[in-house]
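J.: Here you go, one structure.
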Amino acid sequence: MRLKRDSVQNSDNETTGSSVKSVDSYGVFGTGCSDCSDCEGGEDRKRIYKYDKLTTRSTSCTSFHSTADHEAYPLLMAANLTSTYKTISSSSDTLGPADLSGSDILATYKRTMEKNVKSEKNKQSSLVTIFSIWNTIMGSSLLTMAWGVERAGLPCALFLLAFMAALCLYTAYILLRVNVHHGGDSCEVPALCRSLLGTGAAGLAHAFSLLVLLGANIVYWLLITNFLYHTVNYFMDVNTSNSTVYNASLLCPKHDPLITPADQPIVDPSPYWGLHTTVPFYVAIIVFPLLCFKNVSFFTKFNSLGTLSVFYLLLFVMVKGWTWGINMGEVEVTERKGGSDAAVLSGMLALSFYIHNIIITIMGNNARQDKNGRDLTVAFLLVTVTYTLVGAIFYICFPLSKSCIEDNILNNFEMHDVMTAIARALLLFQVITVYPLVAFMLRGEAAQLCRAPAPLVNAVAVALCVLVACLCPDIGTIIRYTGAVSGLVHVFALPALLQMQSLRLRGKLTWWKALFYALIIVFGTVNLVMQFFIA
């Protein structure tokens, strides 16, 4: 869940007659993280600058206007005339429109056009946008996908992957369309909620964004703990695993009662080095100083490691699958096939496809705004293919009982397996550099929601992460509950409610459309409720 918030978008109301943009259109008074963004005042601006009537009109103006009546505004009454005039005449209180000096005009034109060129350079191609979305969505869910496939059963899992991808794609696209009609240059989901649904909906959006980021913090902490523990053991050559070893590199740590005694204890190599006792505290010593950095831009330099990690995991799974071959012979009695356990995967996928709180910002950087729908679809297709490859190939080729598959597939491999050791070392460094960025976003959401001071947020987050790592270190469980809860709000409810309100304001809401969007909210609710009925 590598989240990104950056760049400034160009206004959709720009016309060929306006060659000089106002200072306000460049986001000087608002940012992408601000609720007081253009989407709340965009309609008011349009009404203020709407051309009603001119009492006097020159011949030249009349002739020009007759050739440009297709524009939204006449040239001399363009939406940015007032702001541009204020910018030019700010150096003198007595300078009027008829007395503008050539130097003032040239200086203002140069200044504003430089900003325009700079803004255009920040735009990115469709290919970059697609891989940006793919890289942002891909996260820790990749390690748990095979476990989710095992819980749901292969046929049901393939259906859920396609269905959840299509549904999450549609709700993300809804947010883009609502932003086109009611948003602005630097609008985000909380601001859209405040504008269309009220202050309470905006607070709800912030609260559940906070929940997603807190869940991500906990999952990353568990991964850092796991990778650190096994990497140190690998280099220290300590044989800590007393799980049943079936071949040179595969383990079944669940202690299946059909294979090994269920009461066999797991012994740590030392009372000072335990995966669920002392290592989470060692991680706190390493990570907490990184949270005190006021400027976290240094950690963004390692963002490319995320793409490298994804490609390595794909290679890892394909190599292991090629080595094992297909192992889909006898269906075991203990193997789960669909039923209520399918909700395990649907809850995970609600978080695995989650990008809705920042999709407007990412797509706003696309140079081809008319291709946003196509680029978003291609990105979600790539994500779906990646999840399917990792989950299905590992499940189909895994040579032991399918119930042995762990919620972190690296736990199924013996410590001295070289490819696994490389994966753990690579992911350890990547997650340590990503964690401060996620914590930074967590502090930002907490500040907007309840104005909590940064040191307090850091302390609470670290204490909660250590507590969960010691008492409930189940990554899959945390991902599915976080996904189901936050998905209900950000993935299903808010996009559907925003779209219904948008259609109502535009006079296009029909009963069958309202029923369709209500069913999306119902599905999200059922997905959450089902998480509590899973053994």
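Going by the structure tokens order, chains are called A, B, ..., each with residues numbered from 1, while ligands are numbered from 1 in the order shown.
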For Ala439 of chain A, work out the shell of residues within 10 Å, counting only C-alpha atoms and skipping chain neighbours fewer than 2 positions away, then give it as a ChimeraX atom specification.
T.: /A:213-214,216-217,290-291,296,434-437,441-445,454,457-458,461-462
J.: Please dump the current selection as a short mmCIF file (atom, residue, chain, number, x, y, z; two decimals), in the first residue's frame; keep all heavy atoms.
T.:
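Result file selection_35.cif:
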```cif
data_model
loop_
_atom_site.label_atom_id
_atom_site.label_comp_id
_atom_site.auth_asym_id
_atom_site.auth_seq_id
_atom_site.Cartn_x
_atom_site.Cartn_y
_atom_site.Cartn_z
N LEU A 213 -4.85 3.03 7.26
CA LEU A 213 -3.43 3.30 7.49
C LEU A 213 -2.95 2.62 8.77
O LEU A 213 -1.81 2.13 8.83
CB LEU A 213 -3.19 4.80 7.57
CG LEU A 213 -3.40 5.56 6.25
CD1 LEU A 213 -3.38 7.05 6.48
CD2 LEU A 213 -2.33 5.17 5.24
N LEU A 214 -3.80 2.56 9.79
CA LEU A 214 -3.43 1.87 11.01
C LEU A 214 -3.28 0.37 10.76
O LEU A 214 -2.33 -0.27 11.24
CB LEU A 214 -4.48 2.12 12.10
CG LEU A 214 -4.17 1.57 13.50
CD1 LEU A 214 -2.87 2.16 14.03
CD2 LEU A 214 -5.32 1.85 14.45
N ALA A 216 -2.47 -0.97 7.91
CA ALA A 216 -1.25 -1.12 7.13
C ALA A 216 -0.02 -1.05 8.03
O ALA A 216 0.95 -1.81 7.84
CB ALA A 216 -1.18 -0.04 6.05
N ASN A 217 -0.03 -0.14 9.01
CA ASN A 217 1.07 -0.06 9.97
C ASN A 217 1.27 -1.37 10.71
O ASN A 217 2.40 -1.84 10.87
CB ASN A 217 0.80 1.07 10.97
CG ASN A 217 1.33 2.41 10.52
OD1 ASN A 217 2.44 2.81 10.87
ND2 ASN A 217 0.56 3.10 9.71
N LEU A 290 13.03 6.31 13.14
CA LEU A 290 12.69 6.70 11.77
C LEU A 290 11.39 7.49 11.71
O LEU A 290 11.17 8.27 10.78
CB LEU A 290 12.58 5.46 10.88
CG LEU A 290 13.81 4.56 10.80
CD1 LEU A 290 13.54 3.36 9.90
CD2 LEU A 290 15.03 5.34 10.30
N LEU A 291 10.52 7.30 12.70
CA LEU A 291 9.25 8.01 12.72
C LEU A 291 9.41 9.46 13.17
O LEU A 291 8.47 10.25 13.03
CB LEU A 291 8.26 7.30 13.66
CG LEU A 291 7.98 5.83 13.36
CD1 LEU A 291 6.93 5.30 14.33
CD2 LEU A 291 7.54 5.65 11.92
N VAL A 296 10.13 13.18 5.32
CA VAL A 296 10.23 11.76 4.96
C VAL A 296 10.52 11.57 3.48
O VAL A 296 10.42 10.45 2.97
CB VAL A 296 8.92 11.02 5.33
CG1 VAL A 296 8.71 11.03 6.82
CG2 VAL A 296 7.73 11.63 4.61
N VAL A 434 9.29 1.77 3.72
CA VAL A 434 7.90 2.17 3.46
C VAL A 434 7.18 2.55 4.76
O VAL A 434 6.34 3.46 4.76
CB VAL A 434 7.14 1.03 2.74
CG1 VAL A 434 5.64 1.29 2.72
CG2 VAL A 434 7.65 0.87 1.32
N TYR A 435 7.52 1.90 5.85
CA TYR A 435 6.79 2.12 7.12
C TYR A 435 6.78 3.59 7.54
O TYR A 435 5.72 4.09 7.95
CB TYR A 435 7.40 1.24 8.22
CG TYR A 435 6.60 1.25 9.49
CD1 TYR A 435 5.55 0.36 9.68
CD2 TYR A 435 6.85 2.17 10.50
CE1 TYR A 435 4.80 0.37 10.84
CE2 TYR A 435 6.10 2.19 11.66
CZ TYR A 435 5.08 1.29 11.83
OH TYR A 435 4.33 1.32 12.97
N PRO A 436 7.90 4.32 7.50
CA PRO A 436 7.84 5.75 7.88
C PRO A 436 6.89 6.57 7.01
O PRO A 436 6.26 7.52 7.49
CB PRO A 436 9.29 6.23 7.73
CG PRO A 436 10.11 5.00 7.87
CD PRO A 436 9.30 3.91 7.24
N LEU A 437 6.75 6.20 5.73
CA LEU A 437 5.83 6.92 4.85
C LEU A 437 4.38 6.66 5.25
O LEU A 437 3.56 7.60 5.30
CB LEU A 437 6.05 6.48 3.40
CG LEU A 437 7.43 6.76 2.79
CD1 LEU A 437 7.53 6.15 1.41
CD2 LEU A 437 7.70 8.25 2.74
N MET A 441 1.60 9.41 6.78
CA MET A 441 0.22 9.60 6.34
C MET A 441 -0.76 9.39 7.49
O MET A 441 -1.79 10.07 7.58
CB MET A 441 -0.09 8.64 5.20
CG MET A 441 0.72 8.89 3.94
SD MET A 441 0.38 7.68 2.65
CE MET A 441 1.62 8.15 1.44
N LEU A 442 -0.44 8.43 8.36
CA LEU A 442 -1.29 8.19 9.53
C LEU A 442 -1.33 9.43 10.42
O LEU A 442 -2.41 9.82 10.90
CB LEU A 442 -0.75 6.99 10.31
CG LEU A 442 -1.48 6.63 11.61
CD1 LEU A 442 -2.87 6.13 11.32
CD2 LEU A 442 -0.70 5.57 12.39
N ARG A 443 -0.18 10.06 10.64
CA ARG A 443 -0.15 11.28 11.46
C ARG A 443 -0.96 12.40 10.79
O ARG A 443 -1.64 13.17 11.47
CB ARG A 443 1.30 11.73 11.67
CG ARG A 443 2.12 10.80 12.51
CD ARG A 443 3.42 11.46 12.98
NE ARG A 443 4.27 11.84 11.86
CZ ARG A 443 5.20 11.06 11.34
NH1 ARG A 443 5.39 9.84 11.81
NH2 ARG A 443 5.97 11.48 10.34
N GLY A 444 -0.88 12.48 9.46
CA GLY A 444 -1.64 13.50 8.75
C GLY A 444 -3.14 13.32 8.89
O GLY A 444 -3.87 14.28 9.14
N GLU A 445 -3.61 12.08 8.76
CA GLU A 445 -5.04 11.81 8.94
C GLU A 445 -5.48 12.06 10.37
O GLU A 445 -6.56 12.60 10.62
CB GLU A 445 -5.35 10.37 8.54
CG GLU A 445 -5.30 10.10 7.05
CD GLU A 445 -6.42 10.77 6.29
OE1 GLU A 445 -7.40 11.22 6.91
OE2 GLU A 445 -6.33 10.86 5.05
N ALA A 454 1.87 14.77 16.77
CA ALA A 454 2.62 13.71 16.10
C ALA A 454 3.29 12.74 17.07
O ALA A 454 3.23 11.52 16.87
CB ALA A 454 3.64 14.31 15.14
N VAL A 457 0.73 10.26 18.36
CA VAL A 457 0.30 9.31 17.33
C VAL A 457 1.37 8.25 17.12
O VAL A 457 1.06 7.05 17.03
CB VAL A 457 0.00 10.05 16.01
CG1 VAL A 457 -0.35 9.05 14.92
CG2 VAL A 457 -1.14 11.05 16.20
N ASN A 458 2.63 8.66 17.07
CA ASN A 458 3.72 7.70 16.91
C ASN A 458 3.76 6.70 18.06
O ASN A 458 3.91 5.49 17.84
CB ASN A 458 5.06 8.43 16.83
CG ASN A 458 5.25 9.17 15.51
OD1 ASN A 458 4.61 8.85 14.52
ND2 ASN A 458 6.12 10.15 15.51
N ALA A 461 0.72 4.30 17.92
CA ALA A 461 0.83 3.36 16.80
C ALA A 461 1.86 2.27 17.09
O ALA A 461 1.61 1.08 16.86
CB ALA A 461 1.19 4.11 15.52
N VAL A 462 3.02 2.65 17.61
CA VAL A 462 4.07 1.67 17.92
C VAL A 462 3.61 0.72 19.02
O VAL A 462 3.82 -0.50 18.93
CB VAL A 462 5.37 2.39 18.32
CG1 VAL A 462 6.37 1.41 18.90
CG2 VAL A 462 5.97 3.10 17.11
#
```
J.: Can you tell me which residues surround Tyr234 of chain A at a distance of at most 8 Å, considering only C-alpha atoms, apart from same-chain residues fewer than 4 positions away, and format the answer as a PyMOL selection string?
T.: chain A and resi 230+238+415-416+421
J.: Those selected residues, please, written with all heavy atoms and delivered as an mmCIF file, in the first residue's frame.
T.:
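Generated file (part.cif):
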```
data_model
loop_
_atom_site.group_PDB
_atom_site.id
_atom_site.type_symbol
_atom_site.label_atom_id
_atom_site.label_comp_id
_atom_site.auth_asym_id
_atom_site.auth_seq_id
_atom_site.Cartn_x
_atom_site.Cartn_y
_atom_site.Cartn_z
ATOM 1 N N HIS A 230 13.756 -14.188 10.736
ATOM 2 C CA HIS A 230 14.274 -15.260 9.890
ATOM 3 C C HIS A 230 15.580 -14.877 9.195
ATOM 4 O O HIS A 230 16.436 -15.743 8.965
ATOM 5 C CB HIS A 230 13.217 -15.649 8.855
ATOM 6 C CG HIS A 230 12.047 -16.371 9.441
ATOM 7 N ND1 HIS A 230 12.123 -17.665 9.900
ATOM 8 C CD2 HIS A 230 10.754 -15.972 9.658
ATOM 9 C CE1 HIS A 230 10.948 -18.054 10.367
ATOM 10 N NE2 HIS A 230 10.105 -17.049 10.231
ATOM 11 N N VAL A 238 21.042 -20.536 12.762
ATOM 12 C CA VAL A 238 20.365 -21.146 13.898
ATOM 13 C C VAL A 238 19.160 -21.905 13.378
ATOM 14 O O VAL A 238 18.299 -21.336 12.724
ATOM 15 C CB VAL A 238 19.908 -20.080 14.909
ATOM 16 C CG1 VAL A 238 19.153 -20.723 16.064
ATOM 17 C CG2 VAL A 238 21.115 -19.317 15.430
ATOM 18 N N MET A 415 14.328 -22.265 6.442
ATOM 19 C CA MET A 415 15.124 -21.062 6.614
ATOM 20 C C MET A 415 16.280 -20.968 5.638
ATOM 21 O O MET A 415 16.619 -19.882 5.174
ATOM 22 C CB MET A 415 15.657 -21.019 8.052
ATOM 23 C CG MET A 415 16.493 -19.810 8.383
ATOM 24 S SD MET A 415 17.163 -19.936 10.049
ATOM 25 C CE MET A 415 18.246 -21.356 9.876
ATOM 26 N N HIS A 416 16.891 -22.094 5.274
ATOM 27 C CA HIS A 416 18.104 -22.066 4.467
ATOM 28 C C HIS A 416 17.830 -22.094 2.966
ATOM 29 O O HIS A 416 18.772 -22.171 2.184
ATOM 30 C CB HIS A 416 19.020 -23.242 4.847
ATOM 31 C CG HIS A 416 19.526 -23.148 6.250
ATOM 32 N ND1 HIS A 416 18.882 -23.747 7.303
ATOM 33 C CD2 HIS A 416 20.604 -22.505 6.772
ATOM 34 C CE1 HIS A 416 19.546 -23.503 8.417
ATOM 35 N NE2 HIS A 416 20.594 -22.747 8.132
ATOM 36 N N ALA A 421 15.462 -16.768 1.411
ATOM 37 C CA ALA A 421 16.298 -15.847 2.189
ATOM 38 C C ALA A 421 16.489 -14.522 1.455
ATOM 39 O O ALA A 421 16.443 -13.442 2.069
ATOM 40 C CB ALA A 421 17.654 -16.496 2.471
#
```
J.: Would you list the contacts of Trp322 of chain A as a list of chain:residue names, taking every protein, DNA or RNA residue within 12 Å and counting only C-alpha atoms, but skipping same-chain residues closer than 5 positions in sequence?
T.: A:Leu315, A:Phe316, A:Val317, A:Asn327, A:Ile393, A:Phe394, A:Ile396, A:Cys397, A:Phe398, A:Pro399
J.: I'd like the neighbourhood of Met530 of chain A as a ChimeraX atom specification, where a residue qualifies if any of its atoms comes within 10 Å (using only C-alpha atoms), though same-chain residues fewer than 5 positions away should be ignored.
T.: /A:340-344,346-347,484,525
J.: Write out as a CSV table (one decimal) with N, CA, C and O atoms, in the first residue's frame all residues of segment 330-435 of chain A that DSSP puts in alpha helix (DSSP H) for this structure's backbone.
T.:
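File written: result_6.csv
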```
chain,number,residue,atom,x,y,z
A,342,ALA,N,-15.3,-18.4,1.9
A,342,ALA,CA,-15.0,-17.6,0.8
A,342,ALA,C,-15.0,-16.1,1.2
A,342,ALA,O,-14.3,-15.3,0.5
A,343,ALA,N,-15.6,-15.8,2.3
A,343,ALA,CA,-15.6,-14.4,2.8
A,343,ALA,C,-14.2,-14.0,3.2
A,343,ALA,O,-13.9,-12.8,3.3
A,344,VAL,N,-13.4,-15.0,3.6
A,344,VAL,CA,-12.0,-14.7,3.9
A,344,VAL,C,-11.3,-13.9,2.7
A,344,VAL,O,-10.7,-12.9,2.9
A,345,LEU,N,-11.5,-14.5,1.5
A,345,LEU,CA,-10.9,-13.9,0.3
A,345,LEU,C,-11.5,-12.6,-0.1
A,345,LEU,O,-10.9,-11.6,-0.4
A,346,SER,N,-12.9,-12.5,0.0
A,346,SER,CA,-13.5,-11.3,-0.4
A,346,SER,C,-13.2,-10.1,0.6
A,346,SER,O,-13.0,-9.0,0.2
A,347,GLY,N,-13.0,-10.4,1.9
A,347,GLY,CA,-12.5,-9.4,2.8
A,347,GLY,C,-11.1,-9.0,2.5
A,347,GLY,O,-10.8,-7.8,2.5
A,348,MET,N,-10.2,-9.9,2.2
A,348,MET,CA,-8.9,-9.6,1.8
A,348,MET,C,-8.9,-8.7,0.5
A,348,MET,O,-8.1,-7.7,0.4
A,349,LEU,N,-9.7,-9.1,-0.5
A,349,LEU,CA,-9.6,-8.4,-1.8
A,349,LEU,C,-10.2,-7.0,-1.6
A,349,LEU,O,-9.8,-6.1,-2.4
A,350,ALA,N,-11.1,-6.7,-0.7
A,350,ALA,CA,-11.5,-5.3,-0.5
A,350,ALA,C,-10.4,-4.4,-0.1
A,350,ALA,O,-10.4,-3.2,-0.5
A,351,LEU,N,-9.4,-4.9,0.5
A,351,LEU,CA,-8.2,-4.2,0.9
A,351,LEU,C,-7.1,-4.3,-0.2
A,351,LEU,O,-6.4,-3.4,-0.5
A,352,SER,N,-7.1,-5.5,-0.9
A,352,SER,CA,-6.1,-5.7,-1.9
A,352,SER,C,-6.3,-4.8,-3.1
A,352,SER,O,-5.3,-4.4,-3.8
A,359,ILE,N,-7.2,7.9,-5.6
A,359,ILE,CA,-7.3,7.6,-7.0
A,359,ILE,C,-7.5,8.9,-7.8
A,359,ILE,O,-7.0,9.1,-8.9
A,360,ILE,N,-8.2,9.9,-7.2
A,360,ILE,CA,-8.4,11.2,-7.9
A,360,ILE,C,-7.1,11.9,-8.1
A,360,ILE,O,-6.8,12.5,-9.2
A,361,THR,N,-6.2,11.9,-7.1
A,361,THR,CA,-4.9,12.5,-7.2
A,361,THR,C,-4.1,11.8,-8.3
A,361,THR,O,-3.4,12.5,-9.1
A,362,ILE,N,-4.0,10.5,-8.2
A,362,ILE,CA,-3.2,9.8,-9.2
A,362,ILE,C,-3.6,10.0,-10.6
A,362,ILE,O,-2.8,10.3,-11.5
A,363,MET,N,-4.9,9.9,-10.8
A,363,MET,CA,-5.5,10.0,-12.2
A,363,MET,C,-5.4,11.5,-12.6
A,363,MET,O,-5.4,11.8,-13.8
A,364,GLY,N,-5.4,12.4,-11.7
A,364,GLY,CA,-5.3,13.8,-12.1
A,364,GLY,C,-3.9,14.2,-12.7
A,364,GLY,O,-3.8,15.2,-13.4
A,372,ASN,N,-8.8,8.4,-18.9
A,372,ASN,CA,-8.7,7.9,-17.5
A,372,ASN,C,-9.4,6.6,-17.3
A,372,ASN,O,-8.8,5.7,-16.6
A,373,GLY,N,-10.5,6.4,-17.9
A,373,GLY,CA,-11.3,5.2,-17.8
A,373,GLY,C,-10.5,4.0,-18.3
A,373,GLY,O,-10.4,2.9,-17.7
A,374,ARG,N,-9.9,4.2,-19.5
A,374,ARG,CA,-9.1,3.1,-20.1
A,374,ARG,C,-7.9,2.8,-19.3
A,374,ARG,O,-7.6,1.6,-19.0
A,375,ASP,N,-7.1,3.8,-18.8
A,375,ASP,CA,-5.9,3.5,-18.1
A,375,ASP,C,-6.2,2.9,-16.8
A,375,ASP,O,-5.5,2.0,-16.3
A,376,LEU,N,-7.3,3.3,-16.1
A,376,LEU,CA,-7.7,2.7,-14.8
A,376,LEU,C,-8.0,1.2,-15.0
A,376,LEU,O,-7.7,0.4,-14.2
A,377,THR,N,-8.7,0.9,-16.1
A,377,THR,CA,-9.1,-0.5,-16.4
A,377,THR,C,-7.9,-1.3,-16.6
A,377,THR,O,-7.8,-2.5,-16.1
A,378,VAL,N,-7.0,-0.9,-17.4
A,378,VAL,CA,-5.8,-1.6,-17.7
A,378,VAL,C,-5.0,-1.9,-16.4
A,378,VAL,O,-4.5,-3.0,-16.2
A,379,ALA,N,-4.9,-0.9,-15.6
A,379,ALA,CA,-4.1,-1.0,-14.3
A,379,ALA,C,-4.8,-2.1,-13.4
A,379,ALA,O,-4.1,-2.9,-12.9
A,380,PHE,N,-6.1,-2.0,-13.3
A,380,PHE,CA,-6.8,-3.0,-12.5
A,380,PHE,C,-6.7,-4.4,-13.1
A,380,PHE,O,-6.6,-5.4,-12.4
A,381,LEU,N,-6.6,-4.5,-14.4
A,381,LEU,CA,-6.5,-5.8,-15.1
A,381,LEU,C,-5.1,-6.4,-14.7
A,381,LEU,O,-4.9,-7.6,-14.4
A,382,LEU,N,-4.1,-5.5,-14.8
A,382,LEU,CA,-2.7,-6.0,-14.4
A,382,LEU,C,-2.6,-6.5,-13.0
A,382,LEU,O,-2.0,-7.5,-12.6
A,383,VAL,N,-3.3,-5.7,-12.0
A,383,VAL,CA,-3.3,-6.1,-10.6
A,383,VAL,C,-4.0,-7.5,-10.5
A,383,VAL,O,-3.5,-8.4,-9.8
A,384,THR,N,-5.1,-7.7,-11.2
A,384,THR,CA,-5.9,-8.9,-11.1
A,384,THR,C,-5.0,-10.1,-11.6
A,384,THR,O,-5.0,-11.2,-11.0
A,385,VAL,N,-4.4,-9.9,-12.7
A,385,VAL,CA,-3.5,-10.9,-13.3
A,385,VAL,C,-2.4,-11.3,-12.3
A,385,VAL,O,-2.0,-12.5,-12.1
A,386,THR,N,-1.8,-10.3,-11.7
A,386,THR,CA,-0.7,-10.5,-10.8
A,386,THR,C,-1.2,-11.3,-9.6
A,386,THR,O,-0.5,-12.3,-9.2
A,387,TYR,N,-2.3,-10.9,-9.0
A,387,TYR,CA,-2.8,-11.6,-7.8
A,387,TYR,C,-3.2,-13.1,-8.2
A,387,TYR,O,-2.9,-14.0,-7.5
A,388,THR,N,-3.8,-13.2,-9.4
A,388,THR,CA,-4.2,-14.6,-9.8
A,388,THR,C,-3.0,-15.5,-10.1
A,388,THR,O,-3.0,-16.7,-9.7
A,389,LEU,N,-1.9,-14.9,-10.7
A,389,LEU,CA,-0.7,-15.7,-10.9
A,389,LEU,C,-0.1,-16.2,-9.6
A,389,LEU,O,0.2,-17.4,-9.5
A,390,VAL,N,0.1,-15.3,-8.7
A,390,VAL,CA,0.7,-15.7,-7.4
A,390,VAL,C,-0.1,-16.6,-6.6
A,390,VAL,O,0.3,-17.7,-6.2
A,391,GLY,N,-1.4,-16.3,-6.5
A,391,GLY,CA,-2.3,-17.1,-5.7
A,391,GLY,C,-2.6,-18.5,-6.3
A,391,GLY,O,-2.5,-19.5,-5.6
A,392,ALA,N,-3.0,-18.5,-7.6
A,392,ALA,CA,-3.4,-19.8,-8.2
A,392,ALA,C,-2.2,-20.7,-8.5
A,392,ALA,O,-2.3,-21.9,-8.2
A,393,ILE,N,-1.1,-20.1,-9.0
A,393,ILE,CA,0.1,-21.0,-9.3
A,393,ILE,C,0.6,-21.6,-8.0
A,393,ILE,O,0.9,-22.8,-8.0
A,394,PHE,N,0.7,-20.9,-6.9
A,394,PHE,CA,1.2,-21.4,-5.7
A,394,PHE,C,0.3,-22.5,-5.1
A,394,PHE,O,0.7,-23.6,-4.7
A,395,TYR,N,-1.0,-22.2,-5.2
A,395,TYR,CA,-2.0,-23.2,-4.7
A,395,TYR,C,-2.0,-24.5,-5.6
A,395,TYR,O,-2.0,-25.6,-5.0
A,396,ILE,N,-2.0,-24.4,-6.9
A,396,ILE,CA,-2.1,-25.5,-7.8
A,396,ILE,C,-0.8,-26.4,-7.7
A,396,ILE,O,-0.9,-27.6,-7.7
A,397,CYS,N,0.3,-25.7,-7.5
A,397,CYS,CA,1.6,-26.5,-7.6
A,397,CYS,C,2.1,-26.9,-6.2
A,397,CYS,O,3.0,-27.7,-6.1
A,418,VAL,N,17.6,-20.6,-0.4
A,418,VAL,CA,18.3,-19.4,-0.8
A,418,VAL,C,17.4,-18.4,-1.4
A,418,VAL,O,17.4,-17.2,-1.0
A,419,MET,N,16.4,-18.8,-2.3
A,419,MET,CA,15.5,-17.8,-2.8
A,419,MET,C,14.6,-17.2,-1.8
A,419,MET,O,14.3,-16.0,-1.9
A,420,THR,N,14.2,-18.0,-0.8
A,420,THR,CA,13.4,-17.4,0.3
A,420,THR,C,14.2,-16.4,1.1
A,420,THR,O,13.7,-15.4,1.5
A,421,ALA,N,15.5,-16.8,1.4
A,421,ALA,CA,16.3,-15.8,2.2
A,421,ALA,C,16.5,-14.5,1.5
A,421,ALA,O,16.4,-13.4,2.1
A,422,ILE,N,16.7,-14.6,0.1
A,422,ILE,CA,16.8,-13.3,-0.7
A,422,ILE,C,15.5,-12.5,-0.6
A,422,ILE,O,15.5,-11.3,-0.5
A,423,ALA,N,14.4,-13.2,-0.8
A,423,ALA,CA,13.1,-12.5,-0.7
A,423,ALA,C,12.9,-11.9,0.6
A,423,ALA,O,12.4,-10.7,0.7
A,424,ARG,N,13.2,-12.5,1.7
A,424,ARG,CA,13.0,-11.9,3.1
A,424,ARG,C,13.9,-10.7,3.3
A,424,ARG,O,13.5,-9.7,3.8
A,425,ALA,N,15.2,-10.8,2.8
A,425,ALA,CA,16.1,-9.7,3.0
A,425,ALA,C,15.7,-8.5,2.1
A,425,ALA,O,15.7,-7.4,2.6
A,426,LEU,N,15.2,-8.8,0.9
A,426,LEU,CA,14.8,-7.7,0.0
A,426,LEU,C,13.5,-7.0,0.6
A,426,LEU,O,13.4,-5.8,0.7
A,427,LEU,N,12.6,-7.8,1.0
A,427,LEU,CA,11.3,-7.3,1.6
A,427,LEU,C,11.5,-6.6,2.9
A,427,LEU,O,10.8,-5.6,3.2
A,428,LEU,N,12.5,-7.1,3.7
A,428,LEU,CA,12.8,-6.4,5.0
A,428,LEU,C,13.2,-5.0,4.7
A,428,LEU,O,12.7,-4.0,5.4
A,429,PHE,N,14.2,-4.8,3.8
A,429,PHE,CA,14.6,-3.4,3.6
A,429,PHE,C,13.5,-2.6,3.0
A,429,PHE,O,13.4,-1.4,3.3
A,430,GLN,N,12.7,-3.1,2.1
A,430,GLN,CA,11.6,-2.4,1.5
A,430,GLN,C,10.6,-1.9,2.5
A,430,GLN,O,10.2,-0.8,2.5
A,431,VAL,N,10.2,-2.9,3.3
A,431,VAL,CA,9.1,-2.5,4.3
A,431,VAL,C,9.6,-1.5,5.3
A,431,VAL,O,8.9,-0.7,5.8
A,432,ILE,N,10.9,-1.6,5.7
A,432,ILE,CA,11.4,-0.7,6.7
A,432,ILE,C,11.4,0.7,6.1
A,432,ILE,O,11.2,1.7,6.8
A,433,THR,N,11.7,0.9,4.8
A,433,THR,CA,11.7,2.2,4.2
A,433,THR,C,10.2,2.7,3.9
A,433,THR,O,10.0,3.9,3.8
A,434,VAL,N,9.3,1.8,3.7
A,434,VAL,CA,7.9,2.2,3.5
A,434,VAL,C,7.2,2.5,4.8
A,434,VAL,O,6.3,3.5,4.8
A,435,TYR,N,7.5,1.9,5.9
A,435,TYR,CA,6.8,2.1,7.1
A,435,TYR,C,6.8,3.6,7.5
A,435,TYR,O,5.7,4.1,8.0
```
J.: Between A:Lys402, A:Leu449, A:Val491, A:Pro280, which is the closest to Ala152 of chain A once you count only C-alpha atoms?
T.: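 Looking only at the distances to Ala152 of chain A, the closest residue turns out to be A:Lys402.
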J.: Within 10 Å of Cys472 of chain A, counting only C-alpha atoms, which residues show up once you throw out same-chain ones fewer than 5 positions away? Write them as a ChimeraX atom specification, please.
T.: /A:222,276,466-467,477-478
J.: Limited to N, CA and C atoms, could you put the picked residues into a file as an mmCIF file, in the first residue's frame?
T.:
```
data_model
loop_
_atom_site.group_PDB
_atom_site.id
_atom_site.type_symbol
_atom_site.label_atom_id
_atom_site.label_comp_id
_atom_site.auth_asym_id
_atom_site.auth_seq_id
_atom_site.Cartn_x
_atom_site.Cartn_y
_atom_site.Cartn_z
ATOM 1 N N LEU A 222 4.276 -6.520 11.472
ATOM 2 C CA LEU A 222 4.359 -7.976 11.541
ATOM 3 C C LEU A 222 5.338 -8.527 10.502
ATOM 4 N N HIS A 276 7.539 -13.927 18.668
ATOM 5 C CA HIS A 276 6.351 -13.267 19.197
ATOM 6 C C HIS A 276 6.540 -12.763 20.629
ATOM 7 N N VAL A 466 3.234 -3.360 18.527
ATOM 8 C CA VAL A 466 3.952 -4.323 19.369
ATOM 9 C C VAL A 466 2.968 -5.270 20.047
ATOM 10 N N LEU A 467 1.858 -4.714 20.528
ATOM 11 C CA LEU A 467 0.851 -5.529 21.210
ATOM 12 C C LEU A 467 0.274 -6.587 20.265
ATOM 13 N N THR A 477 -5.681 -12.522 8.955
ATOM 14 C CA THR A 477 -6.844 -12.089 9.725
ATOM 15 C C THR A 477 -6.934 -10.573 9.789
ATOM 16 N N ILE A 478 -5.809 -9.919 10.020
ATOM 17 C CA ILE A 478 -5.803 -8.459 10.103
ATOM 18 C C ILE A 478 -6.171 -7.842 8.758
#
```
